[in-house]
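Below is the file run-v2.cif, which contains mmCIF, C-alpha atoms and all ligand atoms.
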```
data_structure
#
loop_
_atom_site.label_atom_id
_atom_site.label_comp_id
_atom_site.auth_asym_id
_atom_site.auth_seq_id
_atom_site.Cartn_x
_atom_site.Cartn_y
_atom_site.Cartn_z
CA MET A 27 97.48 89.44 118.54
CA ILE A 28 94.10 88.39 117.24
CA HIS A 29 91.09 90.71 117.24
CA LEU A 30 87.70 89.02 117.05
CA ASN A 31 84.62 90.92 115.83
CA ALA A 32 86.53 94.24 115.84
CA ILE A 33 85.55 95.23 112.29
CA PRO A 34 82.17 97.02 111.99
CA LEU A 35 80.52 95.14 109.12
CA ASP A 36 79.24 97.32 106.29
CA PHE A 37 76.59 95.80 104.01
CA GLU A 38 75.69 99.05 102.26
CA PRO A 39 78.15 99.33 99.34
CA ARG A 40 77.27 95.87 97.99
CA ARG A 41 73.54 96.46 98.39
CA LYS A 42 73.91 99.78 96.58
CA ILE A 43 75.95 98.68 93.54
CA LEU A 44 75.06 95.03 92.94
CA PRO A 45 71.46 95.58 91.71
CA LYS A 46 72.81 98.06 89.15
CA LEU A 47 75.26 95.56 87.62
CA PRO A 48 74.30 93.06 84.90
CA GLU A 49 73.61 89.70 86.52
CA PHE A 50 76.19 87.03 85.76
CA VAL A 51 75.62 83.31 86.30
CA SER A 52 78.10 80.86 84.78
CA PRO A 53 76.90 77.57 83.21
CA GLN A 54 78.08 75.89 86.45
CA GLY A 55 75.93 78.28 88.49
CA TYR A 56 78.71 80.54 89.81
CA ARG A 57 77.60 84.10 90.45
CA GLU A 58 79.40 87.41 90.78
CA PRO A 59 80.91 88.42 93.10
CA GLU A 60 82.56 85.26 94.42
CA MET A 61 82.08 86.54 97.96
CA SER A 62 79.07 86.10 100.22
CA GLU A 63 77.24 89.16 101.56
CA PHE A 64 78.97 88.64 104.90
CA GLU A 65 82.42 88.49 103.28
CA SER A 66 81.79 91.66 101.26
CA SER A 67 80.55 93.40 104.42
CA PHE A 68 83.82 92.53 106.19
CA LEU A 69 85.88 93.81 103.23
CA CYS A 70 83.87 97.05 103.09
CA GLY A 71 84.03 97.36 106.88
CA VAL A 72 87.82 97.23 106.84
CA LEU A 73 87.92 99.80 104.03
CA LYS A 74 85.59 102.18 105.92
CA LYS A 75 87.60 101.72 109.13
CA ILE A 76 91.01 102.51 107.70
CA ARG A 77 90.07 104.82 104.77
CA PRO A 78 93.02 103.77 102.59
CA LYS A 79 94.63 106.04 100.03
CA LYS A 80 96.30 103.45 97.81
CA ILE A 81 94.52 100.16 97.23
CA LEU A 82 95.74 97.03 95.44
CA GLU A 83 93.44 94.19 94.43
CA VAL A 84 94.99 90.94 93.17
CA GLY A 85 92.48 88.49 91.64
CA ILE A 86 89.52 90.19 89.96
CA ALA A 87 87.41 87.51 88.21
CA GLY A 88 84.32 89.25 86.76
CA GLY A 89 84.90 92.43 88.77
CA ALA A 90 81.82 92.63 91.00
CA THR A 91 84.07 92.85 94.07
CA THR A 92 86.13 95.52 92.29
CA ALA A 93 82.90 97.50 91.80
CA ILE A 94 81.95 97.01 95.47
CA ILE A 95 85.37 98.30 96.58
CA LEU A 96 85.01 101.31 94.26
CA GLN A 97 81.54 102.00 95.67
CA THR A 98 83.00 101.90 99.21
CA LEU A 99 85.81 104.28 98.27
CA GLU A 100 83.34 106.64 96.58
CA ASP A 101 81.17 106.55 99.72
CA ILE A 102 84.19 107.37 101.91
CA GLY A 103 84.54 110.44 99.73
CA ALA A 104 88.29 111.01 99.90
CA PRO A 105 90.75 110.87 96.99
CA TYR A 106 92.22 107.41 96.34
CA GLU A 107 94.33 105.44 93.90
CA MET A 108 93.29 101.86 93.18
CA HIS A 109 94.93 99.15 91.07
CA SER A 110 93.37 95.80 90.11
CA VAL A 111 95.66 93.03 88.85
CA ASP A 112 94.69 89.71 87.28
CA ALA A 113 96.88 87.11 85.61
CA ALA A 114 94.07 86.39 83.16
CA ALA A 115 93.12 89.00 80.57
CA LYS A 116 89.86 87.10 79.98
CA PHE A 117 87.32 86.31 82.71
CA TYR A 118 88.13 82.75 83.74
CA ARG A 119 84.45 81.75 83.95
CA ASP A 120 83.51 83.27 80.56
CA PRO A 121 86.40 84.04 78.20
CA SER A 122 84.11 86.05 75.90
CA LYS A 123 84.43 88.81 78.53
CA PRO A 124 87.48 90.58 79.92
CA SER A 125 88.42 90.03 83.56
CA GLY A 126 86.78 92.85 85.50
CA PHE A 127 84.00 93.43 82.95
CA LEU A 128 81.45 94.24 85.68
CA ALA A 129 83.68 96.94 87.18
CA MET A 130 84.30 98.29 83.68
CA PHE A 131 80.51 98.53 83.30
CA ALA A 132 80.22 100.26 86.69
CA LYS A 133 82.92 102.79 85.84
CA GLU A 134 81.38 103.61 82.48
CA LYS A 135 77.67 103.49 83.24
CA ILE A 136 77.22 104.01 86.98
CA PHE A 137 79.94 106.01 88.70
CA GLY A 138 80.72 108.61 86.05
CA GLU A 139 83.71 110.62 87.18
CA LEU A 140 85.43 108.91 90.11
CA ARG A 141 86.75 110.77 93.16
CA GLY A 142 89.92 108.76 92.77
CA THR A 143 91.73 106.82 90.07
CA HIS A 144 91.38 103.17 89.14
CA ALA A 145 93.54 101.13 86.75
CA PHE A 146 93.26 97.55 85.52
CA HIS A 147 96.41 95.49 84.95
CA LEU A 148 95.19 92.41 83.07
CA GLY A 149 97.06 89.38 81.77
CA THR A 150 100.00 90.09 84.04
CA TYR A 151 101.57 88.88 87.30
CA LEU A 152 102.18 91.24 90.17
CA PRO A 153 106.01 91.37 89.88
CA GLN A 154 105.58 92.61 86.29
CA VAL A 155 103.56 95.68 87.31
CA ILE A 156 104.34 96.44 90.94
CA ASP A 157 107.22 98.83 90.19
CA GLY A 158 104.88 100.82 87.94
CA ILE A 159 102.21 100.85 90.66
CA GLY A 160 104.82 101.96 93.17
CA GLY A 161 105.04 102.06 96.97
CA ASP A 162 102.87 103.53 99.74
CA ILE A 163 100.16 100.89 99.24
CA ASP A 164 98.08 100.88 102.44
CA PHE A 165 95.40 98.31 101.52
CA VAL A 166 95.65 94.98 99.70
CA ILE A 167 93.04 92.33 98.92
CA LEU A 168 94.47 88.99 97.79
CA ASP A 169 92.00 86.55 96.22
CA THR A 170 93.64 84.37 93.56
CA VAL A 171 94.37 80.64 93.48
CA HIS A 172 93.78 79.56 97.12
CA SER A 173 96.02 76.50 96.79
CA MET A 174 99.74 76.43 97.49
CA PRO A 175 101.87 78.33 96.58
CA GLY A 176 99.10 80.80 95.62
CA GLU A 177 98.64 84.01 97.56
CA GLY A 178 101.87 83.62 99.58
CA LEU A 179 103.90 84.43 96.46
CA ASP A 180 102.05 87.70 95.91
CA PHE A 181 102.16 88.77 99.55
CA LEU A 182 105.95 88.38 99.48
CA ALA A 183 106.03 90.32 96.21
CA VAL A 184 104.00 93.25 97.55
CA LEU A 185 105.32 93.54 101.13
CA PRO A 186 108.25 95.84 100.19
CA TYR A 187 105.71 98.25 98.64
CA LEU A 188 103.43 98.51 101.69
CA THR A 189 103.18 101.36 104.17
CA ASP A 190 104.29 100.53 107.73
CA ASN A 191 100.77 99.73 108.95
CA ALA A 192 99.10 98.56 105.75
CA ILE A 193 96.15 96.16 105.91
CA VAL A 194 95.94 92.96 103.88
CA VAL A 195 92.56 91.25 103.43
CA LEU A 196 92.60 87.56 102.55
CA HIS A 197 89.58 85.85 101.06
CA ASP A 198 88.86 82.11 101.46
CA VAL A 199 90.79 81.64 104.71
CA ALA A 200 88.55 78.65 105.56
CA PHE A 201 87.86 77.48 102.02
CA ASN A 202 89.56 74.11 102.48
CA GLN A 203 86.93 73.36 105.15
CA ILE A 204 83.97 74.73 103.19
CA GLY A 205 84.46 73.65 99.59
CA LYS A 206 85.40 70.30 98.15
CA ASP A 207 89.04 71.24 97.60
CA VAL A 208 91.10 70.18 100.62
CA ASN A 209 94.13 71.80 98.97
CA ALA A 210 92.52 75.24 99.04
CA HIS A 211 94.49 76.45 102.02
CA ALA A 212 97.02 78.96 100.62
CA THR A 213 95.40 81.94 102.34
CA THR A 214 94.96 79.88 105.53
CA VAL A 215 98.69 79.14 105.50
CA LEU A 216 99.59 82.78 104.82
CA PHE A 217 97.25 84.03 107.55
CA SER A 218 98.81 81.58 110.02
CA SER A 219 102.46 82.11 109.12
CA VAL A 220 102.55 85.91 108.88
CA THR A 221 103.37 87.93 112.01
CA ALA A 222 100.81 90.74 112.23
CA GLU A 223 97.73 92.02 114.04
CA LYS A 224 94.98 89.69 112.84
CA PHE A 225 91.28 90.41 112.43
CA LEU A 226 88.44 87.90 112.12
CA ASN A 227 84.73 88.51 112.54
CA PHE A 228 82.94 85.36 113.55
CA THR A 229 79.88 84.75 111.41
CA MET A 230 76.42 83.51 112.29
CA ASP A 231 75.79 82.53 108.67
CA PHE A 232 74.93 78.90 109.35
CA ASN A 233 73.43 78.54 105.84
CA SER A 234 76.89 78.11 104.40
CA THR A 235 78.90 76.73 107.35
CA LYS A 236 78.34 74.80 110.56
CA PHE A 237 80.97 76.82 112.36
CA ASN A 238 81.57 80.47 113.28
CA TYR A 239 85.06 80.80 111.82
CA PRO A 240 84.74 83.14 108.81
CA ASN A 241 86.01 82.66 105.27
CA ILE A 242 87.63 86.11 105.18
CA GLY A 243 90.25 87.69 107.41
CA ALA A 244 92.56 90.67 107.55
CA PHE A 245 95.91 91.45 109.03
CA GLN A 246 97.68 94.72 109.73
CA ILE A 247 101.40 94.62 109.20
CA ASN A 248 104.01 96.14 111.51
CA GLN A 249 107.79 96.03 111.87
CA GLN A 250 107.60 92.44 113.17
CA THR A 251 105.94 91.38 109.90
CA ARG A 252 109.07 92.39 108.05
CA ASP A 253 111.43 91.10 110.80
CA ASN A 254 109.74 87.65 110.84
CA ILE A 255 109.09 87.32 107.12
CA GLU A 256 111.19 84.12 107.01
CA ASN A 257 108.13 82.30 108.39
CA VAL A 258 106.17 83.08 105.22
CA PHE A 259 109.11 81.96 103.06
CA LEU A 260 109.31 78.76 105.16
CA SER A 261 105.60 78.09 104.61
CA LEU A 262 106.40 77.67 100.90
CA ILE A 263 108.03 74.31 101.56
CA LEU A 264 104.60 72.78 102.07
CA ARG A 265 103.53 70.49 99.22
CA TRP A 266 102.24 72.65 96.35
CA ALA A 267 98.92 71.81 94.74
CA TYR A 268 99.97 73.20 91.34
CA MET A 269 103.21 74.12 89.68
CA PRO A 270 103.46 77.64 88.27
CA SER A 271 105.21 77.86 84.91
CA GLN A 272 108.99 78.25 84.89
CA GLY A 273 108.50 81.79 83.59
CA GLU A 274 106.23 82.68 86.51
CA LEU A 275 108.58 81.11 89.06
CA ASN A 276 111.50 83.06 87.61
CA LEU A 277 109.56 86.32 87.67
CA TYR A 278 108.98 85.96 91.40
CA LEU A 279 112.58 84.83 92.02
CA GLY A 280 113.98 87.85 90.19
CA HIS A 281 111.67 90.09 92.19
CA TYR A 282 112.55 88.48 95.55
CA LYS A 283 116.26 88.81 94.76
CA LYS A 284 115.75 92.57 94.49
CA HIS A 285 114.01 92.84 97.87
CA TYR A 286 115.05 89.99 100.20
CA PRO A 287 118.33 88.59 101.53
CA LYS A 288 119.87 85.63 99.72
CA GLU A 289 119.04 83.23 102.59
CA LEU A 290 115.30 83.80 102.02
CA CYS A 291 115.66 83.49 98.25
CA ALA A 292 117.45 80.17 98.89
CA ILE A 293 114.37 78.90 100.80
CA TYR A 294 112.18 79.84 97.82
CA ILE A 295 114.53 78.04 95.41
CA GLU A 296 114.51 74.92 97.64
CA ALA A 297 110.70 75.04 97.84
CA ILE A 298 110.58 75.02 94.04
CA LYS A 299 113.01 72.08 93.83
CA MET A 300 111.07 70.10 96.43
CA ASN A 301 107.85 70.61 94.52
CA LEU A 302 109.13 69.99 91.01
C1 LIG B 1 88.60 83.50 92.98
S1 LIG B 1 88.76 84.55 91.60
C2 LIG B 1 88.65 86.17 92.28
C3 LIG B 1 87.28 86.49 92.82
C4 LIG B 1 87.03 87.93 93.10
N1 LIG B 1 88.01 88.53 93.97
C5 LIG B 1 85.65 88.12 93.70
O1 LIG B 1 85.52 88.47 94.89
O2 LIG B 1 84.67 87.89 92.99
C6 LIG B 1 90.48 84.38 91.26
C7 LIG B 1 91.04 85.29 90.18
O3 LIG B 1 92.45 85.32 90.38
C8 LIG B 1 93.09 85.30 89.12
N2 LIG B 1 94.45 84.79 89.35
C9 LIG B 1 94.86 83.52 89.55
N3 LIG B 1 96.18 83.49 89.81
C10 LIG B 1 96.62 84.76 89.80
C11 LIG B 1 97.88 85.37 90.03
N4 LIG B 1 98.97 84.66 90.33
N5 LIG B 1 97.96 86.72 89.94
C12 LIG B 1 96.87 87.46 89.64
N6 LIG B 1 95.65 86.93 89.43
C13 LIG B 1 95.51 85.60 89.51
C14 LIG B 1 92.19 84.45 88.25
O4 LIG B 1 92.40 84.72 86.89
C15 LIG B 1 90.81 84.85 88.75
O5 LIG B 1 90.31 85.92 87.99
#
```

Translate the structure of the given file into structure tokens.
Amino acid sequence: MIHLNAIPLDFEPRRKILPKLPEFVSPQGYREPEMSEFESSFLCGVLKKIRPKKILEVGIAGGATTAIILQTLEDIGAPYEMHSVDAAAKFYRDPSKPSGFLAMFAKEKIFGELRGTHAFHLGTYLPQVIDGIGGDIDFVILDTVHSMPGEGLDFLAVLPYLTDNAIVVLHDVAFNQIGKDVNAHATTVLFSSVTAEKFLNFTMDFNSTKFNYPNIGAFQINQQTRDNIENVFLSLILRWAYMPSQGELNLYLGHYKKHYPKELCAIYIEAIKMNL
């Protein structure tokens, strides 16, 4: 089922923390965070609504969104455990800085002692760290490559570690319609192929789009998500926009073999062969 405009947007955490962070503008004019105010308000709204205990972020960039999530969790005021994972140890827009440098600044200079715990896992793929992070994850934000195979690989990697009604937020679910990259539809494909309760808040932000469909969405998993997970595996046979390294492909295969039946692993292997 789809739920439209069911998430109470929350603009506060971003407005609170962002002015306290150093401003970052890349030579190409990209700013931090890589989410609009509306998108951050949806993310914070979901967090406030479900008050998660164990949060996983995959795809950090400079870390302004990490800091916004931490601000939201601090505002909720309950204990939490948060993990932020990025394949790149260095910020991809400025390699003189580590990925997540803005959240590192916020932790050191703004928050002081946190109510919860937060750990960075940098220069690593999710299958390499997920056993250490462990199960009972009840909130995930996926915001990585956006083109196929992209976020689908990490959702499949994390699903076995999620609580029964965990929420997954996907950024850039309409990016292939907004930006110049028509291949940027990995989160669109995941959002469409997964069986779950889906949440979208239509936006009135006509400065960035001519349509109401938002560029961020969320879904809440249930037993049917796990029962129908073959649809997400099947989505991987779409034409990939980039080819992960053999090492990365093998990492995910080894991980899937531990958690999924051989028929589903066979679909993944065929998807690789078709795309090689
Ligand atoms: C679009 S940026 C993230 C933006 C950030 N979430 C924000 O709101 O500002 C994508 C990030 O994902 C990272 N990344 C790309 N592929 C990844 C993967 N397979 N696993 C983890 N991180 C990945 C990149 O290094 C980059 O830092």

For Phe165 (chain A), list every protein, DNA or RNA residue within 10 Å, evaluated using all atoms listed in the file, and leave out those in the same chain fewer than 4 positions away; present the list as a PDB file with C-alpha atoms, in the coordinates of the input.
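Generated file (around_15.pdb):
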```pdb
ATOM      1  CA  VAL A  72      87.820  97.230 106.840  1.00  0.00           C
ATOM      2  CA  LEU A  73      87.920  99.800 104.030  1.00  0.00           C
ATOM      3  CA  ILE A  76      91.010 102.510 107.700  1.00  0.00           C
ATOM      4  CA  ARG A  77      90.070 104.820 104.770  1.00  0.00           C
ATOM      5  CA  PRO A  78      93.020 103.770 102.590  1.00  0.00           C
ATOM      6  CA  LYS A  79      94.630 106.040 100.030  1.00  0.00           C
ATOM      7  CA  LYS A  80      96.300 103.450  97.810  1.00  0.00           C
ATOM      8  CA  ILE A  81      94.520 100.160  97.230  1.00  0.00           C
ATOM      9  CA  LEU A  82      95.740  97.030  95.440  1.00  0.00           C
ATOM     10  CA  GLU A  83      93.440  94.190  94.430  1.00  0.00           C
ATOM     11  CA  MET A 108      93.290 101.860  93.180  1.00  0.00           C
ATOM     12  CA  LEU A 188     103.430  98.510 101.690  1.00  0.00           C
ATOM     13  CA  THR A 189     103.180 101.360 104.170  1.00  0.00           C
ATOM     14  CA  ASN A 191     100.770  99.730 108.950  1.00  0.00           C
ATOM     15  CA  ALA A 192      99.100  98.560 105.750  1.00  0.00           C
ATOM     16  CA  ILE A 193      96.150  96.160 105.910  1.00  0.00           C
ATOM     17  CA  VAL A 194      95.940  92.960 103.880  1.00  0.00           C
ATOM     18  CA  VAL A 195      92.560  91.250 103.430  1.00  0.00           C
ATOM     19  CA  GLN A 246      97.680  94.720 109.730  1.00  0.00           C
TER      20      GLN A 246
END
```

Quick one: which chain A residues come within 7 Å of ligand LIG 1 (chain B), and what is the nearest atom pair for each with the distance in Å to one decimal, counting all atoms listed in the file, rows ordered by chain and ascending number, as JSON lines?
```
{"residue": "A:Glu58", "atom": "CA", "partner": "B:LIG1", "partner_atom": "O2", "distance": 5.7}
{"residue": "A:Pro59", "atom": "CA", "partner": "B:LIG1", "partner_atom": "O2", "distance": 3.8}
{"residue": "A:Glu60", "atom": "CA", "partner": "B:LIG1", "partner_atom": "O2", "distance": 3.7}
{"residue": "A:Met61", "atom": "CA", "partner": "B:LIG1", "partner_atom": "O1", "distance": 5.0}
{"residue": "A:Val84", "atom": "CA", "partner": "B:LIG1", "partner_atom": "C12", "distance": 5.3}
{"residue": "A:Gly85", "atom": "CA", "partner": "B:LIG1", "partner_atom": "O3", "distance": 3.4}
{"residue": "A:Ile86", "atom": "CA", "partner": "B:LIG1", "partner_atom": "N1", "distance": 4.6}
{"residue": "A:Ala87", "atom": "CA", "partner": "B:LIG1", "partner_atom": "O5", "distance": 3.3}
{"residue": "A:Gly88", "atom": "CA", "partner": "B:LIG1", "partner_atom": "O2", "distance": 6.4}
{"residue": "A:Gly89", "atom": "CA", "partner": "B:LIG1", "partner_atom": "O2", "distance": 6.2}
{"residue": "A:Ala90", "atom": "CA", "partner": "B:LIG1", "partner_atom": "O2", "distance": 5.9}
{"residue": "A:Thr91", "atom": "CA", "partner": "B:LIG1", "partner_atom": "O1", "distance": 4.7}
{"residue": "A:Val111", "atom": "CA", "partner": "B:LIG1", "partner_atom": "C12", "distance": 5.8}
{"residue": "A:Asp112", "atom": "CA", "partner": "B:LIG1", "partner_atom": "N6", "distance": 3.6}
{"residue": "A:Ala113", "atom": "CA", "partner": "B:LIG1", "partner_atom": "N6", "distance": 4.0}
{"residue": "A:Ala114", "atom": "CA", "partner": "B:LIG1", "partner_atom": "O4", "distance": 4.4}
{"residue": "A:Phe117", "atom": "CA", "partner": "B:LIG1", "partner_atom": "O5", "distance": 6.1}
{"residue": "A:Tyr118", "atom": "CA", "partner": "B:LIG1", "partner_atom": "O4", "distance": 5.7}
{"residue": "A:Ser125", "atom": "CA", "partner": "B:LIG1", "partner_atom": "O5", "distance": 6.3}
{"residue": "A:Thr150", "atom": "CA", "partner": "B:LIG1", "partner_atom": "C12", "distance": 6.9}
{"residue": "A:Tyr151", "atom": "CA", "partner": "B:LIG1", "partner_atom": "N5", "distance": 5.0}
{"residue": "A:Leu152", "atom": "CA", "partner": "B:LIG1", "partner_atom": "N5", "distance": 6.2}
{"residue": "A:Asp169", "atom": "CA", "partner": "B:LIG1", "partner_atom": "N1", "distance": 5.0}
{"residue": "A:Thr170", "atom": "CA", "partner": "B:LIG1", "partner_atom": "O3", "distance": 3.5}
{"residue": "A:Val171", "atom": "CA", "partner": "B:LIG1", "partner_atom": "C9", "distance": 4.9}
{"residue": "A:Gly176", "atom": "CA", "partner": "B:LIG1", "partner_atom": "N4", "distance": 6.5}
```

Let me make sure I understand: among A:Gln97, A:Gln250, A:Ser218, A:Thr235, which one has the smallest atom-to-atom distance to Leu44 (chain A) if we use all atoms listed in the file?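 Using all atoms listed in the file, the shortest distance to Leu44 (chain A) belongs to A:Gln97.
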
Just the residues within 12 Å of Met230 (chain A), please, counting all atoms listed in the file, with nothing from its chain fewer than 3 positions along; format it as a list in words.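 Counting all atoms listed in the file, the residues come to Asn31, Phe64, Glu65, Asn227, Asn233, Ser234, Thr235, Lys236, Phe237, Asn238, Tyr239, Pro240 and Asn241 of chain A.
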
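Taking CA of Ala32 (chain A) and CA of Phe259 (chain A) as endpoints, the distance between them is 28.7 Å.
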
Counting only C-alpha atoms, the option among A:Phe181, A:Tyr268, A:Phe146, A:Phe225 closest to Gly71 (chain A): A:Phe225

From the options A:Ile163, A:Ala292, A:Ala115, A:Met130, which residue's atoms come nearest to Gly149 (chain A), counting all atoms listed in the file?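 For Gly149 (chain A), the nearest of the given residues is A:Ala115.
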
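Using all atoms listed in the file, the smallest distance between any of A:Leu262, A:Ile102, A:Glu256, A:Leu179 and Lys288 (chain A) comes from A:Glu256.
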
Just how far from CA of Leu69 (chain A) is CA of Glu38 (chain A), in Å to one decimal?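 Taking CA of Glu38 (chain A) as the start and CA of Leu69 (chain A) as the end point, the length is 11.5 Å.
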